[in-house]
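Engineer: One structure follows; several queries about it will come next.
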Amino acid sequence: MRAFYHPDQALHSPRQFMRFGRLADPTDIPVRTEKLLGALGRLGVEPEAPPDLGRRPASTIHPAHYLDYLETAYRRWLELPDHGPEVLPNTFPYWNGDPSREARPPCPTHQLLAQTGYYLGDLAVPISEFTYRSALRSTHTAAAAADAVLAGEPLAYALCRPSGHHCRADRASGFCYMNNAAIAAQRLRGRFAKVAVLDIDAHHGDGTQEIFYRRSDVMTVSVHVDTDFYNPFFTGRPHETGYGPGEGYNLNIPLAPASGDDAFLAAVRRGAEAVAAFGAEAVVIALGYDTHVEDPLSMVEVTTEAFEKAGRAIGSLRLPTAVVQEGGYQISVIGDCLEGFIRGMRA
């Protein structure tokens, strides 16, 4: 097994996000990476720094006008009178959610506040001095893991931070600025005819779903807390099965609030079975630990032990696998969850 991480990914240090009507202390804090690096050390895996690939991996998923915004937003924010500490939107444009649309055209104005409402989907994606650098390095980490799989490595882990699975092609949301799992999947398509993304983070992988929703070569499967009760609320239901050529290639498996290990593992096994039935030749696992009973954002009651069993279930597919890190915010448990998952995958 090979693993990848760049220290620049810890530079992103958000100061706030909106929760229940209050600007709250952030949960995506840099120390998360230390705990996950410790788990890799216990597994005897030394992470490698990915090469600097510039925008190339990100541009396979995200349009240039969106990346331009992310790169320049903080500098331009500092030029505003009476600006706050981080870039956050105060206006949001209406969009009808048409599933036939891959991405929107560029924002019709270059005015920064308008662009901020256009490209940032909620109040959980503040942009500060190092956000763009950390997010771009995270795409390099995902690309390096995919490249390792393409070179014959059966299992590679990308310690991505910031996370990515809520990021649409042209909109950040939910702590996510660029979609690392989608970038890895697209890179794997360079060799494998069929690739699957299996997302087992507590939150629906709405960005990944939308990016591949019109395609039959990449299947997206998401195991997540029922979005009738849980963010991102507006997607993630079983009737969302794809559009046009992608019909039948998206699967959502919601978990009821307060679900425990048995329901979680049954859903993971069902997701793995769908990946096998699709005929995937390689798989990207979007791995989060915010299903853990101790996670500050959790609505379910999954234990640390379940992650090793989930790894065994997914490892039984015996497919070339890139594991891409998503959420998980209880720093006292995330290292143990990763360690157990990888041990299960390697069993």
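Letters A, B, ... go to the chains of the structure tokens in the order shown; residues in each chain start at 1; ligands are counted from 1 in the same order.
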Would you mind listing what lies within 9 Å of Val45 (chain A) as a PyMOL selection string, with only C-alpha atoms counted and same-chain residues fewer than 4 positions away left out?
Structural biologist: chain A and resi 1-3+39-41
Engineer: Take the selection from the previous step and output its residues with N, CA, C and O atoms, as a CSV table (one decimal), in the first residue's frame.
Structural biologist:
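Saved the output as again13.csv:
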```csv
chain,number,residue,atom,x,y,z
A,1,MET,N,0.8,-1.2,0.0
A,1,MET,CA,0.0,0.0,0.0
A,1,MET,C,0.9,1.2,0.0
A,1,MET,O,1.9,1.3,0.7
A,2,ARG,N,0.5,2.2,-0.8
A,2,ARG,CA,1.1,3.5,-0.8
A,2,ARG,C,0.1,4.6,-0.3
A,2,ARG,O,-1.1,4.4,-0.5
A,3,ALA,N,0.7,5.6,0.3
A,3,ALA,CA,-0.2,6.7,0.8
A,3,ALA,C,0.5,8.1,0.4
A,3,ALA,O,1.7,8.1,0.2
A,39,ALA,N,-2.0,7.3,12.4
A,39,ALA,CA,-2.5,6.0,12.0
A,39,ALA,C,-1.7,5.3,10.9
A,39,ALA,O,-1.4,4.1,11.0
A,40,LEU,N,-1.3,6.1,9.9
A,40,LEU,CA,-0.5,5.5,8.9
A,40,LEU,C,0.9,5.0,9.4
A,40,LEU,O,1.3,3.9,9.0
A,41,GLY,N,1.4,5.7,10.4
A,41,GLY,CA,2.6,5.3,11.0
A,41,GLY,C,2.5,4.0,11.7
A,41,GLY,O,3.3,3.1,11.7
```
Engineer: Counting only C-alpha atoms, what is within 9 Å of Gly244 (chain A), bar same-chain residues fewer than 6 positions away, as a PyMOL selection string?
Structural biologist: chain A and resi 100+213-215
Engineer: Env of Phe234 (chain A): 12 Å cut, atoms = only C-alpha atoms, seq-sep filter 2 positions within chain, self excluded. Answer as a list in words.
Structural biologist: Asn96, Gly97, His203, His204, Gly205, Asp206, Gly207, Asp226, Thr227, Asp228, Phe229, Tyr230, Asn231, Pro232, Gly236, Arg237 and Glu240 of chain A
Engineer: Please list as a PyMOL selection string every residue within 12 Å of His165 (chain A), counting only C-alpha atoms and excluding residues in the same chain fewer than 3 positions away.
Structural biologist: chain A and resi 139+160-162+168-169+171-185+197-212+220-222+232+284-288+324-327
Engineer: Grab the residues selected above and save them as a short mmCIF file (atom, residue, chain, number, x, y, z; two decimals), in the first residue's frame with N, CA and C atoms.
Structural biologist:
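Dumped everything to result_39.cif:
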```cif
data_model
loop_
_atom_site.label_atom_id
_atom_site.label_comp_id
_atom_site.auth_asym_id
_atom_site.auth_seq_id
_atom_site.Cartn_x
_atom_site.Cartn_y
_atom_site.Cartn_z
N THR A 139 -5.87 18.01 -4.42
CA THR A 139 -6.12 17.37 -5.72
C THR A 139 -4.87 16.63 -6.19
N CYS A 160 -6.52 13.42 1.85
CA CYS A 160 -6.97 14.70 1.30
C CYS A 160 -7.56 15.59 2.39
N ARG A 161 -7.13 16.81 2.42
CA ARG A 161 -7.73 17.84 3.24
C ARG A 161 -7.41 19.17 2.56
N PRO A 162 -8.40 20.01 2.26
CA PRO A 162 -9.83 19.86 2.55
C PRO A 162 -10.46 18.68 1.82
N ARG A 168 -19.42 20.63 -6.21
CA ARG A 168 -19.91 20.41 -7.57
C ARG A 168 -18.82 20.84 -8.56
N ALA A 169 -19.10 20.71 -9.82
CA ALA A 169 -18.12 21.12 -10.82
C ALA A 169 -17.74 22.59 -10.66
N ARG A 171 -19.06 24.74 -7.83
CA ARG A 171 -19.56 25.34 -6.59
C ARG A 171 -19.00 24.60 -5.38
N ALA A 172 -18.41 25.36 -4.45
CA ALA A 172 -17.92 24.80 -3.19
C ALA A 172 -19.05 24.76 -2.19
N SER A 173 -19.03 23.76 -1.31
CA SER A 173 -19.96 23.73 -0.17
C SER A 173 -19.49 22.66 0.80
N GLY A 174 -19.99 22.73 2.04
CA GLY A 174 -19.76 21.69 3.02
C GLY A 174 -18.31 21.36 3.29
N PHE A 175 -17.45 22.38 3.49
CA PHE A 175 -16.02 22.23 3.77
C PHE A 175 -15.23 21.81 2.53
N CYS A 176 -15.85 21.72 1.36
CA CYS A 176 -15.23 21.14 0.16
C CYS A 176 -15.08 22.19 -0.93
N TYR A 177 -13.90 22.26 -1.55
CA TYR A 177 -13.58 23.29 -2.54
C TYR A 177 -13.26 22.71 -3.92
N MET A 178 -12.67 21.51 -3.96
CA MET A 178 -12.41 20.79 -5.20
C MET A 178 -12.71 19.33 -4.92
N ASN A 179 -13.25 18.62 -5.91
CA ASN A 179 -13.76 17.28 -5.66
C ASN A 179 -12.68 16.23 -5.91
N ASN A 180 -11.99 15.86 -4.84
CA ASN A 180 -10.85 14.95 -4.95
C ASN A 180 -11.25 13.55 -5.43
N ALA A 181 -12.36 13.02 -4.94
CA ALA A 181 -12.79 11.68 -5.36
C ALA A 181 -13.12 11.66 -6.84
N ALA A 182 -13.79 12.72 -7.33
CA ALA A 182 -14.11 12.78 -8.75
C ALA A 182 -12.85 12.89 -9.59
N ILE A 183 -11.89 13.66 -9.11
CA ILE A 183 -10.62 13.80 -9.84
C ILE A 183 -9.91 12.45 -9.91
N ALA A 184 -9.90 11.71 -8.81
CA ALA A 184 -9.27 10.38 -8.82
C ALA A 184 -9.99 9.44 -9.78
N ALA A 185 -11.33 9.46 -9.75
CA ALA A 185 -12.10 8.58 -10.62
C ALA A 185 -11.85 8.91 -12.09
N VAL A 197 -17.34 4.99 -7.76
CA VAL A 197 -17.04 5.75 -6.55
C VAL A 197 -18.02 5.27 -5.48
N LEU A 198 -17.49 4.73 -4.40
CA LEU A 198 -18.30 4.28 -3.26
C LEU A 198 -18.00 5.20 -2.09
N ASP A 199 -18.99 5.99 -1.72
CA ASP A 199 -18.84 7.04 -0.70
C ASP A 199 -19.49 6.56 0.59
N ILE A 200 -18.69 6.43 1.68
CA ILE A 200 -19.27 5.97 2.95
C ILE A 200 -19.11 7.03 4.04
N ASP A 201 -18.96 8.28 3.65
CA ASP A 201 -19.03 9.40 4.58
C ASP A 201 -20.48 9.53 5.08
N ALA A 202 -20.68 10.14 6.25
CA ALA A 202 -22.03 10.28 6.78
C ALA A 202 -22.92 11.15 5.91
N HIS A 203 -22.31 12.06 5.15
CA HIS A 203 -23.08 13.00 4.32
C HIS A 203 -23.15 12.50 2.88
N HIS A 204 -24.27 12.77 2.25
CA HIS A 204 -24.42 12.41 0.84
C HIS A 204 -23.34 13.08 0.00
N GLY A 205 -22.73 12.32 -0.91
CA GLY A 205 -21.74 12.87 -1.82
C GLY A 205 -22.40 13.57 -2.98
N ASP A 206 -23.05 14.70 -2.68
CA ASP A 206 -23.87 15.38 -3.68
C ASP A 206 -23.06 15.95 -4.84
N GLY A 207 -21.86 16.44 -4.55
CA GLY A 207 -21.04 16.97 -5.64
C GLY A 207 -20.60 15.87 -6.58
N THR A 208 -20.14 14.75 -6.04
CA THR A 208 -19.71 13.63 -6.88
C THR A 208 -20.88 13.10 -7.69
N GLN A 209 -22.04 12.98 -7.07
CA GLN A 209 -23.22 12.53 -7.80
C GLN A 209 -23.49 13.42 -9.00
N GLU A 210 -23.51 14.73 -8.79
CA GLU A 210 -23.85 15.63 -9.89
C GLU A 210 -22.82 15.57 -11.01
N ILE A 211 -21.53 15.48 -10.64
CA ILE A 211 -20.48 15.48 -11.66
C ILE A 211 -20.62 14.30 -12.62
N PHE A 212 -21.01 13.14 -12.10
CA PHE A 212 -21.09 11.93 -12.94
C PHE A 212 -22.52 11.52 -13.27
N THR A 220 -21.72 6.01 -9.32
CA THR A 220 -21.58 6.63 -8.01
C THR A 220 -22.56 5.99 -7.04
N VAL A 221 -22.03 5.59 -5.88
CA VAL A 221 -22.81 4.96 -4.82
C VAL A 221 -22.52 5.71 -3.53
N SER A 222 -23.56 6.12 -2.82
CA SER A 222 -23.36 6.87 -1.59
C SER A 222 -24.17 6.25 -0.45
N PRO A 232 -26.72 17.14 3.08
CA PRO A 232 -27.09 18.36 2.37
C PRO A 232 -28.58 18.51 2.03
N VAL A 284 -12.98 3.98 -6.39
CA VAL A 284 -12.55 5.05 -5.49
C VAL A 284 -13.45 4.99 -4.26
N ILE A 285 -12.86 4.92 -3.08
CA ILE A 285 -13.61 4.94 -1.83
C ILE A 285 -13.50 6.34 -1.23
N ALA A 286 -14.62 7.02 -1.12
CA ALA A 286 -14.68 8.32 -0.43
C ALA A 286 -14.95 8.01 1.04
N LEU A 287 -13.91 8.11 1.87
CA LEU A 287 -13.93 7.59 3.23
C LEU A 287 -14.07 8.72 4.25
N GLY A 288 -15.17 8.68 4.99
CA GLY A 288 -15.35 9.62 6.10
C GLY A 288 -15.65 8.86 7.38
N VAL A 324 -9.88 7.87 -0.83
CA VAL A 324 -9.75 9.32 -0.76
C VAL A 324 -10.40 9.81 0.53
N GLN A 325 -9.64 10.53 1.35
CA GLN A 325 -10.15 10.98 2.63
C GLN A 325 -11.22 12.07 2.48
N GLU A 326 -12.33 11.88 3.18
CA GLU A 326 -13.38 12.91 3.25
C GLU A 326 -13.46 13.41 4.70
N GLY A 327 -14.65 13.34 5.34
CA GLY A 327 -14.84 13.95 6.63
C GLY A 327 -14.47 13.06 7.80
#
```
Engineer: Using DSSP on the backbone, list every residue of region 205-256 of chain A that comes out as strand (DSSP E), and give them as a PyMOL selection string.
Structural biologist: chain A and resi 218-225+250-255
Engineer: So the first atom is CA of Ala144 (chain A) and the second is CA of Gln330 (chain A); what is the distance between them in Å, to one decimal place?
Structural biologist: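 According to the coordinates, CA of Ala144 (chain A) and CA of Gln330 (chain A) are separated by 26.7 Å.
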Engineer: Point out the residue among A:Gln186, A:Phe278, A:Tyr69, A:Leu123 with the least atom-to-atom distance to Thr109 (chain A), counting only C-alpha atoms.
Structural biologist: A:Tyr69
Engineer: Quick one: distance from CA of Arg137 (chain A) to CA of Gln9 (chain A) in Å, one decimal?
Structural biologist: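 Separation between CA of Arg137 (chain A) and CA of Gln9 (chain A): 6.1 Å.
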Engineer: Near Ala256 (chain A), counting only C-alpha atoms, which residues have an atom at most 9 Å away, once you skip same-chain residues fewer than 3 positions from it, shown as a list in words?
Structural biologist: His224, Val225, Asp226, Phe229, Ser259, Ala263, Met299 and Val300 of chain A
Engineer: Which residues are near Thr116 (chain A)? Cut-off 7 Å, only C-alpha atoms, ignore same chain within fewer than 4 positions. Put them as a short mmCIF file (atom, residue, chain, number, x, y, z; two decimals) with all heavy atoms, in the first residue's frame.
Structural biologist:
```cif
data_model
loop_
_atom_site.label_atom_id
_atom_site.label_comp_id
_atom_site.auth_asym_id
_atom_site.auth_seq_id
_atom_site.Cartn_x
_atom_site.Cartn_y
_atom_site.Cartn_z
N LEU A 88 -16.88 34.93 2.67
CA LEU A 88 -18.14 34.21 2.85
C LEU A 88 -19.23 34.94 2.08
O LEU A 88 -19.23 36.16 1.98
CB LEU A 88 -18.53 34.12 4.33
CG LEU A 88 -17.82 33.05 5.17
CD1 LEU A 88 -18.19 33.19 6.64
CD2 LEU A 88 -18.18 31.65 4.68
N PRO A 89 -20.19 34.20 1.53
CA PRO A 89 -21.24 34.83 0.72
C PRO A 89 -22.32 35.47 1.57
O PRO A 89 -22.58 35.07 2.70
CB PRO A 89 -21.81 33.65 -0.09
CG PRO A 89 -21.57 32.47 0.79
CD PRO A 89 -20.28 32.73 1.52
N LEU A 112 -17.04 40.89 -6.94
CA LEU A 112 -16.62 39.82 -6.04
C LEU A 112 -17.75 39.27 -5.19
O LEU A 112 -17.90 38.05 -5.04
CB LEU A 112 -15.49 40.31 -5.14
CG LEU A 112 -15.00 39.31 -4.10
CD1 LEU A 112 -14.45 38.04 -4.74
CD2 LEU A 112 -13.95 39.94 -3.20
N LEU A 120 -19.79 29.89 -4.01
CA LEU A 120 -19.79 29.29 -2.68
C LEU A 120 -21.23 28.96 -2.31
O LEU A 120 -22.06 29.86 -2.22
CB LEU A 120 -19.16 30.21 -1.64
CG LEU A 120 -17.74 30.69 -1.92
CD1 LEU A 120 -17.19 31.48 -0.72
CD2 LEU A 120 -16.80 29.54 -2.26
#
```
Engineer: Can you work out which one of A:Ser13, A:Ala322, A:Ala280, A:Arg346 has the shortest atom-to-atom distance to Lys309 (chain A), counting only C-alpha atoms?
Structural biologist: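 Distance minimum relative to Lys309 (chain A) lands on A:Arg346.
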Engineer: Hey, can you check how far CA of Pro106 (chain A) sits from CA of Tyr249 (chain A)?
Structural biologist: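 Straight-line distance from CA of Pro106 (chain A) to CA of Tyr249 (chain A) works out to 28.2 Å.
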Engineer: Nearest to Tyr243 (chain A) among A:Arg312, A:Tyr289, A:Glu102, A:Arg270, with distances taken over only C-alpha atoms: which residue is it?
Structural biologist: A:Glu102
Engineer: When DSSP works through the backbone of this structure, what residues of region 131-207 of chain A end up as helix (DSSP H, G or I), shown as number ranges by chain?
Structural biologist: A: 131-150, 180-188, 206-207
Engineer: Limited to C-alpha atoms, could you put the picked residues into a file as a PDB file, in the first residue's frame?
Structural biologist:
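Written output follows (again15.pdb):
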```pdb
ATOM      1  CA  THR A 131      -7.412  27.762   1.204  1.00  0.00           C
ATOM      2  CA  TYR A 132      -6.673  27.610  -2.519  1.00  0.00           C
ATOM      3  CA  ARG A 133      -3.169  26.222  -1.961  1.00  0.00           C
ATOM      4  CA  SER A 134      -4.415  23.512   0.410  1.00  0.00           C
ATOM      5  CA  ALA A 135      -7.300  22.541  -1.861  1.00  0.00           C
ATOM      6  CA  LEU A 136      -5.050  22.387  -4.924  1.00  0.00           C
ATOM      7  CA  ARG A 137      -2.493  20.250  -3.067  1.00  0.00           C
ATOM      8  CA  SER A 138      -5.337  17.963  -2.038  1.00  0.00           C
ATOM      9  CA  THR A 139      -6.117  17.370  -5.717  1.00  0.00           C
ATOM     10  CA  HIS A 140      -2.455  16.468  -6.262  1.00  0.00           C
ATOM     11  CA  THR A 141      -2.697  13.934  -3.432  1.00  0.00           C
ATOM     12  CA  ALA A 142      -5.814  12.354  -4.964  1.00  0.00           C
ATOM     13  CA  ALA A 143      -4.176  12.283  -8.398  1.00  0.00           C
ATOM     14  CA  ALA A 144      -1.026  10.656  -6.988  1.00  0.00           C
ATOM     15  CA  ALA A 145      -3.075   7.892  -5.352  1.00  0.00           C
ATOM     16  CA  ALA A 146      -4.889   7.275  -8.633  1.00  0.00           C
ATOM     17  CA  ASP A 147      -1.576   7.226 -10.499  1.00  0.00           C
ATOM     18  CA  ALA A 148      -0.228   4.648  -8.047  1.00  0.00           C
ATOM     19  CA  VAL A 149      -3.226   2.445  -8.798  1.00  0.00           C
ATOM     20  CA  LEU A 150      -2.707   2.969 -12.522  1.00  0.00           C
ATOM     21  CA  ASN A 180     -10.854  14.949  -4.945  1.00  0.00           C
ATOM     22  CA  ALA A 181     -12.789  11.684  -5.355  1.00  0.00           C
ATOM     23  CA  ALA A 182     -14.114  12.785  -8.750  1.00  0.00           C
ATOM     24  CA  ILE A 183     -10.619  13.796  -9.836  1.00  0.00           C
ATOM     25  CA  ALA A 184      -9.270  10.381  -8.818  1.00  0.00           C
ATOM     26  CA  ALA A 185     -12.101   8.578 -10.623  1.00  0.00           C
ATOM     27  CA  GLN A 186     -11.605  10.585 -13.796  1.00  0.00           C
ATOM     28  CA  ARG A 187      -7.886   9.847 -13.695  1.00  0.00           C
ATOM     29  CA  LEU A 188      -8.547   6.114 -13.319  1.00  0.00           C
ATOM     30  CA  ASP A 206     -23.875  15.380  -3.685  1.00  0.00           C
ATOM     31  CA  GLY A 207     -21.042  16.966  -5.635  1.00  0.00           C
TER      32      GLY A 207
END
```
Engineer: So, with only C-alpha atoms as the atoms that count, which of A:Gly84, A:Pro26, A:Pro254, A:Pro108 lies closest to Pro296 (chain A)?
Structural biologist: A:Pro26
Engineer: Please determine, counting only C-alpha atoms, which residue among A:Ile334, A:Ala282, A:Val223, A:Val293 has the shortest atom-to-atom distance to Ala196 (chain A).
Structural biologist: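 The answer is A:Ala282, which sits nearest to Ala196 (chain A).
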Engineer: Which of these residues is nearest to Arg32 (chain A), using only C-alpha atoms: A:Thr321, A:Ser316, A:Ser163, A:Thr304?
Structural biologist: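 When distances to Arg32 (chain A) are compared using only C-alpha atoms, the smallest one comes from A:Ser163.
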